[in-house]
$ cat input-v7.cif   # mmCIF, C-alpha atoms (C1' of nucleotides) and all ligand atoms
data_my_file
#
loop_
_atom_site.label_atom_id
_atom_site.label_comp_id
_atom_site.auth_asym_id
_atom_site.auth_seq_id
_atom_site.Cartn_x
_atom_site.Cartn_y
_atom_site.Cartn_z
CA MET A 14 16.83 -18.91 3.60
CA LYS A 15 19.48 -16.23 3.69
CA THR A 16 20.60 -15.46 7.23
CA PRO A 17 19.56 -12.05 8.62
CA ASN A 18 22.26 -9.42 8.25
CA HIS A 19 22.98 -6.61 10.64
CA SER A 20 20.44 -4.21 9.19
CA GLN A 21 17.73 -6.82 9.30
CA ALA A 22 18.58 -7.64 12.90
CA ASN A 23 18.21 -3.97 13.81
CA ILE A 24 14.84 -3.78 12.11
CA LEU A 25 13.59 -6.86 13.90
CA LYS A 26 14.86 -5.54 17.21
CA VAL A 27 12.96 -2.29 16.80
CA LEU A 28 9.77 -4.13 15.92
CA GLU A 29 10.17 -6.36 18.96
CA GLN A 30 10.83 -3.48 21.30
CA THR A 31 8.16 -1.14 20.06
CA LYS A 32 5.47 -3.81 20.01
CA LYS A 33 3.24 -1.80 17.74
CA PRO A 34 3.35 -1.76 13.91
CA LEU A 35 5.65 0.89 12.43
CA SER A 36 6.14 2.53 9.06
CA ALA A 37 9.47 2.30 7.25
CA GLN A 38 10.21 5.91 8.10
CA GLU A 39 9.48 5.30 11.77
CA ILE A 40 11.71 2.25 11.81
CA TRP A 41 14.45 4.26 10.15
CA ALA A 42 14.17 7.06 12.71
CA GLU A 43 14.13 4.63 15.61
CA ILE A 44 17.28 2.80 14.49
CA GLN A 45 19.08 6.10 14.15
CA LYS A 46 17.82 7.22 17.54
CA GLN A 47 19.47 4.12 18.94
CA GLY A 48 22.81 5.33 17.64
CA GLN A 49 23.05 3.07 14.60
CA LYS A 50 23.91 4.67 11.31
CA ILE A 51 21.71 3.50 8.48
CA GLY A 52 20.31 4.81 5.22
CA VAL A 53 16.62 4.91 4.47
CA ALA A 54 17.11 2.88 1.31
CA THR A 55 18.68 0.11 3.35
CA VAL A 56 15.65 0.03 5.60
CA TYR A 57 13.32 -0.38 2.64
CA ARG A 58 15.51 -3.00 1.04
CA ASN A 59 15.72 -5.14 4.13
CA LEU A 60 12.06 -4.75 4.96
CA GLU A 61 11.39 -6.24 1.55
CA SER A 62 13.77 -9.11 2.26
CA LEU A 63 12.21 -9.80 5.63
CA LYS A 64 8.81 -9.79 3.99
CA ILE A 65 9.82 -12.35 1.38
CA LYS A 66 11.23 -14.51 4.16
CA GLY A 67 7.93 -14.37 5.99
CA LEU A 68 9.40 -12.80 9.11
CA ILE A 69 7.39 -9.61 8.97
CA GLN A 70 3.90 -8.69 7.95
CA ILE A 71 2.75 -5.68 5.99
CA ARG A 72 -0.47 -3.84 5.68
CA THR A 73 -1.24 -0.50 4.13
CA VAL A 74 -2.96 2.34 5.93
CA HIS A 75 -3.50 5.66 4.19
CA ASN A 76 -0.94 4.86 1.52
CA GLN A 77 1.74 3.93 3.93
CA ALA A 78 3.08 0.46 4.54
CA ILE A 79 2.97 -0.59 8.18
CA TYR A 80 5.29 -3.36 9.30
CA SER A 81 5.03 -5.77 12.18
CA LEU A 82 6.42 -9.09 13.25
CA VAL A 83 4.47 -12.15 12.24
CA SER A 84 2.82 -12.84 15.55
CA GLU A 85 0.51 -15.42 17.06
CA LYS A 86 -2.39 -13.01 16.89
CA GLN A 87 -3.89 -13.43 13.47
CA ASN A 88 -7.51 -12.54 13.89
CA PHE A 89 -8.32 -8.89 13.46
CA ALA A 90 -11.09 -6.40 13.01
CA THR A 91 -9.95 -3.59 10.73
CA CYS A 92 -11.79 -0.31 10.34
CA LEU A 93 -12.06 0.75 6.71
CA GLN A 94 -12.05 4.40 7.64
CA CYS A 95 -9.43 5.01 10.29
CA GLY A 96 -7.47 1.82 9.68
CA GLU A 97 -7.46 0.83 13.33
CA ARG A 98 -6.91 -2.87 13.71
CA THR A 99 -7.75 -4.72 16.87
CA PRO A 100 -7.03 -8.37 17.59
CA LEU A 101 -10.17 -10.41 18.07
CA GLY A 102 -8.57 -12.85 20.44
CA ILE A 103 -10.98 -15.60 19.59
CA SER A 104 -10.70 -18.94 17.90
CA LEU A 105 -10.89 -19.38 14.17
CA ALA A 106 -14.25 -21.12 14.19
CA GLN A 107 -16.14 -18.37 15.94
CA SER A 108 -14.11 -15.55 14.47
CA VAL A 109 -16.20 -14.66 11.49
CA GLU A 110 -19.53 -13.99 13.08
CA ALA A 111 -18.46 -13.04 16.57
CA PRO A 112 -17.99 -9.33 15.92
CA THR A 113 -21.53 -8.96 14.63
CA LEU A 114 -22.77 -10.33 17.90
CA GLN A 115 -20.65 -8.12 20.08
CA SER A 116 -22.98 -5.26 20.87
CA GLN A 117 -22.64 -3.75 17.39
CA ALA A 118 -19.55 -1.92 18.57
CA PHE A 119 -18.00 -2.86 15.26
CA GLU A 120 -20.11 -2.88 12.12
CA VAL A 121 -18.99 -5.80 9.97
CA TYR A 122 -18.95 -5.41 6.21
CA TYR A 123 -17.01 -8.44 5.10
CA HIS A 124 -14.16 -10.69 6.11
CA THR A 125 -11.17 -12.32 4.56
CA LEU A 126 -9.25 -15.43 5.36
CA GLU A 127 -5.91 -15.11 3.70
CA VAL A 128 -2.87 -17.32 3.58
CA PHE A 129 0.43 -15.66 2.80
CA GLY A 130 3.57 -17.19 1.40
CA LEU A 131 5.26 -17.85 -1.92
CA CYS A 132 3.66 -19.19 -5.07
CA SER A 133 5.48 -21.88 -6.98
CA PRO A 134 7.20 -19.64 -9.56
CA CYS A 135 8.32 -17.24 -6.87
CA GLN A 136 9.83 -20.03 -4.81
CA GLU A 137 12.33 -20.70 -7.56
CA ARG A 138 12.68 -17.03 -8.36
CA SER A 139 13.85 -16.23 -4.82
CA PRO A 140 16.90 -18.26 -3.83
CA MET B 2 -26.07 4.67 3.41
CA LYS B 3 -25.76 7.33 0.75
CA THR B 4 -27.08 6.19 -2.61
CA PRO B 5 -24.47 5.59 -5.33
CA ASN B 6 -24.10 8.55 -7.68
CA HIS B 7 -23.31 8.38 -11.35
CA SER B 8 -19.55 8.18 -10.95
CA GLN B 9 -19.85 5.39 -8.42
CA ALA B 10 -22.18 3.49 -10.71
CA ASN B 11 -19.63 3.74 -13.51
CA ILE B 12 -16.89 2.45 -11.25
CA LEU B 13 -18.98 -0.48 -10.10
CA LYS B 14 -19.92 -1.28 -13.68
CA VAL B 15 -16.29 -1.41 -14.75
CA LEU B 16 -15.40 -3.69 -11.85
CA GLU B 17 -18.30 -5.99 -12.70
CA GLN B 18 -17.42 -6.14 -16.37
CA THR B 19 -13.68 -6.57 -16.02
CA LYS B 20 -13.97 -9.27 -13.37
CA LYS B 21 -10.41 -8.82 -12.26
CA PRO B 22 -9.16 -6.31 -9.66
CA LEU B 23 -8.11 -2.95 -11.10
CA SER B 24 -6.06 0.01 -9.97
CA ALA B 25 -7.61 3.48 -9.75
CA GLN B 26 -5.73 4.53 -12.85
CA GLU B 27 -6.98 1.51 -14.77
CA ILE B 28 -10.54 2.17 -13.69
CA TRP B 29 -10.17 5.79 -14.77
CA ALA B 30 -8.85 4.78 -18.18
CA GLU B 31 -11.59 2.22 -18.67
CA ILE B 32 -14.40 4.65 -17.87
CA GLN B 33 -12.96 7.12 -20.34
CA LYS B 34 -12.57 4.39 -22.95
CA GLN B 35 -16.27 3.76 -22.57
CA GLY B 36 -16.94 7.34 -23.61
CA GLN B 37 -17.68 8.78 -20.18
CA LYS B 38 -15.91 11.96 -19.21
CA ILE B 39 -14.50 11.81 -15.72
CA GLY B 40 -11.60 13.27 -13.77
CA VAL B 41 -9.07 11.14 -12.01
CA ALA B 42 -9.76 12.88 -8.71
CA THR B 43 -13.40 11.89 -8.97
CA VAL B 44 -12.40 8.28 -9.41
CA TYR B 45 -10.28 8.36 -6.27
CA ARG B 46 -12.93 10.17 -4.29
CA ASN B 47 -15.67 7.73 -5.16
CA LEU B 48 -13.48 4.70 -4.69
CA GLU B 49 -12.98 5.93 -1.15
CA SER B 50 -16.72 6.34 -0.69
CA LEU B 51 -17.43 2.88 -2.05
CA LYS B 52 -14.81 1.51 0.30
CA ILE B 53 -16.37 3.13 3.36
CA LYS B 54 -19.73 1.74 2.28
CA GLY B 55 -18.27 -1.74 2.10
CA LEU B 56 -19.11 -2.20 -1.56
CA ILE B 57 -15.56 -2.62 -2.77
CA GLN B 58 -12.45 -4.21 -1.38
CA ILE B 59 -8.91 -2.90 -1.51
CA ARG B 60 -5.55 -4.48 -1.30
CA THR B 61 -2.13 -3.09 -2.06
CA VAL B 62 0.31 -4.64 -4.49
CA HIS B 63 3.63 -2.97 -5.20
CA ASN B 64 2.48 0.28 -3.65
CA GLN B 65 -0.63 0.49 -5.70
CA ALA B 66 -4.17 0.06 -4.46
CA ILE B 67 -6.11 -2.63 -6.28
CA TYR B 68 -9.88 -2.49 -6.15
CA SER B 69 -12.46 -5.22 -6.55
CA LEU B 70 -16.07 -5.87 -5.70
CA VAL B 71 -16.75 -7.51 -2.39
CA SER B 72 -17.40 -11.00 -3.63
CA GLU B 73 -18.42 -14.33 -2.23
CA LYS B 74 -14.90 -15.60 -2.61
CA GLN B 75 -13.11 -14.64 0.57
CA ASN B 76 -10.43 -17.26 0.99
CA PHE B 77 -7.18 -16.51 -0.73
CA ALA B 78 -3.57 -17.49 -1.04
CA THR B 79 -1.45 -14.41 -1.66
CA CYS B 80 2.14 -14.52 -2.84
CA LEU B 81 4.34 -12.12 -0.91
CA GLN B 82 6.64 -11.61 -3.86
CA CYS B 83 4.54 -11.22 -7.00
CA GLY B 84 1.30 -10.38 -5.23
CA GLU B 85 -0.69 -12.97 -7.12
CA ARG B 86 -3.81 -13.89 -5.22
CA THR B 87 -5.75 -17.05 -5.94
CA PRO B 88 -9.05 -18.05 -4.38
CA LEU B 89 -8.79 -21.19 -2.31
CA GLY B 90 -12.36 -22.27 -2.98
CA ILE B 91 -12.58 -24.28 0.19
CA SER B 92 -14.55 -24.00 3.38
CA LEU B 93 -13.45 -21.89 6.30
CA ALA B 94 -12.65 -24.82 8.54
CA GLN B 95 -10.13 -26.46 6.27
CA SER B 96 -8.82 -23.25 4.76
CA VAL B 97 -5.89 -22.61 6.99
CA GLU B 98 -3.96 -25.80 6.65
CA ALA B 99 -5.15 -26.96 3.25
CA PRO B 100 -2.52 -25.14 1.18
CA THR B 101 0.27 -26.78 3.11
CA LEU B 102 -1.13 -30.14 2.13
CA GLN B 103 -1.62 -29.30 -1.52
CA SER B 104 1.54 -30.65 -3.08
CA GLN B 105 3.67 -27.78 -1.75
CA ALA B 106 2.72 -25.74 -4.79
CA PHE B 107 2.31 -22.83 -2.44
CA GLU B 108 4.68 -22.36 0.47
CA VAL B 109 2.67 -21.06 3.42
CA TYR B 110 4.26 -18.56 5.76
CA TYR B 111 1.30 -17.34 7.78
CA HIS B 112 -2.38 -16.57 7.52
CA THR B 113 -4.81 -13.92 8.57
CA LEU B 114 -8.47 -13.93 9.31
CA GLU B 115 -9.66 -10.39 9.07
CA VAL B 116 -13.04 -8.77 9.47
CA PHE B 117 -13.54 -5.42 7.78
CA GLY B 118 -16.03 -2.73 8.61
CA LEU B 119 -16.37 0.39 10.72
CA CYS B 120 -15.28 0.83 14.30
CA SER B 121 -17.64 2.56 16.68
CA PRO B 122 -16.16 6.08 16.44
CA CYS B 123 -16.05 5.89 12.66
CA GLN B 124 -19.68 4.83 12.46
CA GLU B 125 -20.71 8.17 13.91
CA ARG B 126 -17.99 9.97 12.00
CA SER B 127 -19.37 8.82 8.62
CA PRO B 128 -23.03 9.76 8.16
"C1'" DT C 30 -36.40 31.13 -8.43
"C1'" DA C 31 -32.76 31.81 -5.41
"C1'" DA C 32 -29.89 30.31 -1.78
"C1'" DT C 33 -27.28 26.43 -0.23
"C1'" DA C 34 -24.95 22.27 -0.27
"C1'" DT C 35 -22.62 18.77 -2.85
"C1'" DC C 36 -19.97 17.05 -6.68
"C1'" DT C 37 -16.73 17.52 -10.33
"C1'" DG C 38 -12.50 18.25 -13.17
"C1'" DA C 39 -8.09 20.47 -14.15
"C1'" DT C 40 -4.06 20.98 -12.11
"C1'" DA C 41 -0.52 21.55 -8.61
"C1'" DA C 42 1.55 19.62 -4.57
"C1'" DT C 43 2.75 15.86 -1.65
"C1'" DG C 44 5.41 12.21 -0.02
"C1'" DA C 45 6.28 7.33 0.35
"C1'" DT C 46 8.85 4.40 -2.27
"C1'" DT C 47 12.27 3.23 -5.84
"C1'" DA C 48 16.31 3.87 -8.86
"C1'" DT C 49 21.01 5.21 -9.36
"C1'" DC C 50 25.73 4.82 -8.53
"C1'" DA C 51 29.94 5.35 -6.16
"C1'" DT C 52 31.77 3.31 -2.02
"C1'" DT C 53 32.39 -0.10 1.50
"C1'" DC C 54 31.99 -4.62 3.29
"C1'" DT C 55 32.01 -9.74 2.44
"C1'" DT C 56 32.98 -13.92 0.25
"C1'" DT C 57 35.66 -16.73 -2.89
"C1'" DA C 58 39.63 -18.60 -5.15
"C1'" DA C 59 44.23 -18.47 -6.32
"C1'" DT D 23 47.35 -13.97 2.71
"C1'" DT D 24 45.85 -11.44 -1.18
"C1'" DA D 25 43.28 -10.06 -5.10
"C1'" DA D 26 39.27 -10.39 -7.69
"C1'" DA D 27 34.31 -10.89 -7.68
"C1'" DG D 28 30.08 -10.27 -5.47
"C1'" DA D 29 26.80 -8.22 -2.36
"C1'" DA D 30 25.26 -4.62 0.72
"C1'" DT D 31 25.14 0.17 1.90
"C1'" DG D 32 24.17 5.26 1.95
"C1'" DA D 33 23.47 9.71 -0.21
"C1'" DT D 34 20.66 11.53 -3.36
"C1'" DA D 35 17.70 12.10 -7.33
"C1'" DA D 36 13.68 10.49 -9.66
"C1'" DT D 37 9.16 8.38 -9.84
"C1'" DC D 38 4.41 8.31 -9.59
"C1'" DA D 39 0.23 7.02 -7.07
"C1'" DT D 40 -2.44 9.70 -4.32
"C1'" DT D 41 -4.11 14.03 -2.23
"C1'" DA D 42 -5.09 18.98 -1.91
"C1'" DT D 43 -6.84 23.02 -4.03
"C1'" DC D 44 -10.26 25.78 -5.99
"C1'" DA D 45 -13.26 27.51 -9.41
"C1'" DG D 46 -17.12 25.99 -11.87
"C1'" DA D 47 -21.01 22.72 -12.51
"C1'" DT D 48 -24.84 20.20 -10.60
"C1'" DA D 49 -28.21 18.89 -7.30
"C1'" DT D 50 -31.08 19.96 -3.32
"C1'" DT D 51 -33.93 22.81 -0.46
"C1'" DA D 52 -36.94 26.42 0.91
MN MN E 201 -5.78 -18.02 13.11
MN MN E 202 -15.23 -17.04 4.36
ZN ZN E 203 -12.48 3.61 12.58
ZN ZN E 204 4.58 -15.27 -6.60
#
$ encode --input "input-v7.cif" --output "structure tokens" --more "lines below"
Ligand SMILES: [Mn+2]
Ligand SMILES: [Mn+2]
Ligand SMILES: [Zn+2]
Ligand SMILES: [Zn+2]
Amino acid sequence: MKTPNHSQANILKVLEQTKKPLSAQEIWAEIQKQGQKIGVATVYRNLESLKIKGLIQIRTVHNQAIYSLVSEKQNFATCLQCGERTPLGISLAQSVEAPTLQSQAFEVYYHTLEVFGLCSPCQERSP
Amino acid sequence: MKTPNHSQANILKVLEQTKKPLSAQEIWAEIQKQGQKIGVATVYRNLESLKIKGLIQIRTVHNQAIYSLVSEKQNFATCLQCGERTPLGISLAQSVEAPTLQSQAFEVYYHTLEVFGLCSPCQERSP
DNA sequence: TAATATCTGATAATGATTATCATTCTTTAA
DNA sequence: TTAAAGAATGATAATCATTATCAGATATTA
């Protein structure tokens, strides 16, 4: 795995500091605000690299990619309308049905258990 | 839940027939190919409606939304590079670690268990 | 039937992401 | 150490999936 360069370190730092998921544009603005000079293309390029390395996670809300560190929290309830995503904070076993039980505050439509990584061809393809 | 109109029925039919996930543009082209006249805006609008109703599922690959019916299959391994997504076809309990055991064909980075639906505010917001 | 609300399609506008390319930084090999 | 080769960067233009607009069509209601 290629070692993180300076740009990638800056991106990771911003994600650590801010805590909450950020768009590429927001990350770009934040790095600049911190006095670093960086181009928007570089942000996109390194976000892609960090993604392939499995260091950051991406989801799309309203046609905008939202980036965050790969964290411990991996159980979420995501609203299909507003995109809000709240950690469930419960164990895997009880995760699926729990929200339906919780006072109907969240109306469950379906769930997904997804494993992310690299398929065999892509492992060779990305040195 | 509002009853599916004609456009929505056409979209669902295409997704059923084609089996595989399709982009909005592909769905649009397919409906036209089947002789139906429809505007691209209508396709997008009704895809959004079907999403809010929980009838279809969306994921984003290379900055393009890919739509599919909400199916039984809900356990997947997704490649971060090419976006290929293969059903795991295993039970929830063993899902998470199984891929790591399977001959390293797929290199696991992380996983997500996600429940989709409507949050409380959005339930009222969408009549 | 007429008034009203909803849906549709053609088209323009948007904007996040990607491509381009000259320049700068880094690594490699003489 | 130095020069060539390679990789990363930044400014900017281009792309294109998606959204907004709005006039006309269609459905619903009274
Ligand atoms: Mn988990
Ligand atoms: Mn399941
Ligand atoms: Zn919501
Ligand atoms: Zn792959």
$ residues_near_ligand --input "input-v7.cif" --ligand "ligand ZN 204 (chain E)" --cutoff "6 Å" --atoms "all atoms listed in the file" --output "PyMOL selection string"
(chain A and resi 131-132+134-135) or (chain B and resi 80+82-83+85)
$ closest_atom_pairs --input "input-v7.cif" --of "chain B" --to "chain A" --cutoff "6 Å" --atoms "only C-alpha atoms" --output "tab-separated table"
residue	atom	partner	partner_atom	distance
B:Ile53	CA	A:Leu93	CA	6.0
B:Gly55	CA	A:Tyr122	CA	5.6
B:Gln75	CA	A:Thr125	CA	5.0
B:Asn76	CA	A:Leu126	CA	4.9
B:Phe77	CA	A:Glu127	CA	4.8
B:Ala78	CA	A:Val128	CA	4.7
B:Thr79	CA	A:Phe129	CA	5.0
B:Cys80	CA	A:Leu131	CA	4.7
B:Leu81	CA	A:Gly130	CA	5.6
B:Ala106	CA	A:Ser133	CA	5.2
B:Phe107	CA	A:Cys132	CA	4.7
B:Glu108	CA	A:Leu131	CA	5.1
B:Val109	CA	A:Gly130	CA	4.5
B:Tyr110	CA	A:Gly130	CA	4.6
B:Tyr111	CA	A:Phe129	CA	5.3
B:His112	CA	A:Val128	CA	4.0
B:Thr113	CA	A:Gln87	CA	5.0
B:Leu114	CA	A:Leu126	CA	4.3
B:Glu115	CA	A:Phe89	CA	4.8
B:Val116	CA	A:His124	CA	4.0
B:Phe117	CA	A:Thr91	CA	5.0
B:Gly118	CA	A:Val121	CA	4.5
B:Leu119	CA	A:Cys92	CA	4.6
B:Cys120	CA	A:Phe119	CA	4.7
B:Ser121	CA	A:Ala118	CA	5.2
$ write_last_selection --input "input-v7.cif" --atoms "C-alpha atoms" --output "compact mmCIF listing (two decimals), in the coordinates of the input"
# COMPACT_ATOMS: atom_id res chain seq x y z
CA ILE B 53 -16.37 3.13 3.36
CA GLY B 55 -18.27 -1.74 2.10
CA GLN B 75 -13.11 -14.64 0.57
CA ASN B 76 -10.43 -17.26 0.99
CA PHE B 77 -7.18 -16.51 -0.73
CA ALA B 78 -3.57 -17.49 -1.04
CA THR B 79 -1.45 -14.41 -1.66
CA CYS B 80 2.14 -14.52 -2.84
CA LEU B 81 4.34 -12.12 -0.91
CA ALA B 106 2.72 -25.74 -4.79
CA PHE B 107 2.31 -22.83 -2.44
CA GLU B 108 4.68 -22.36 0.47
CA VAL B 109 2.67 -21.06 3.42
CA TYR B 110 4.26 -18.56 5.76
CA TYR B 111 1.30 -17.34 7.78
CA HIS B 112 -2.38 -16.57 7.52
CA THR B 113 -4.81 -13.92 8.57
CA LEU B 114 -8.47 -13.93 9.31
CA GLU B 115 -9.66 -10.39 9.07
CA VAL B 116 -13.04 -8.77 9.47
CA PHE B 117 -13.54 -5.42 7.78
CA GLY B 118 -16.03 -2.73 8.61
CA LEU B 119 -16.37 0.39 10.72
CA CYS B 120 -15.28 0.83 14.30
CA SER B 121 -17.64 2.56 16.68
$ closest_residue --input "input-v7.cif" --among "C:DT37, C:DT43, C:DT49, C:DT57" --to "chain B" --atoms "all atoms listed in the file"
C:DT37
$ interface_residues --input "input-v7.cif" --of "chain B" --to "chain C" --cutoff "12 Å" --atoms "all atoms listed in the file" --output "list in words"
Asn6, His7, Ser8, Gln9, Lys38, Ile39, Gly40, Val41, Ala42, Thr43, Val44, Tyr45, Arg46, Asn47, His63, Asn64 and Gln65 of chain B
$ interface_residues --input "input-v7.cif" --of "chain D" --to "chain B" --cutoff "12 Å" --atoms "all atoms listed in the file" --output "list of chain:residue names"
D:DC38, D:DA39, D:DT40, D:DT41, D:DA42, D:DT43, D:DT48, D:DA49
$ atom_distance --input "input-v7.cif" --atom1 "atom CA of B:Leu23" --atom2 "atom CA of B:Tyr68"
5.3 Å
$ closest_residue --input "input-v7.cif" --among "B:Ile28, B:Gln35, B:Ile91, B:Glu125" --to "ligand MN 202 (chain E)" --atoms "only C-alpha atoms and all ligand atoms"
B:Ile91
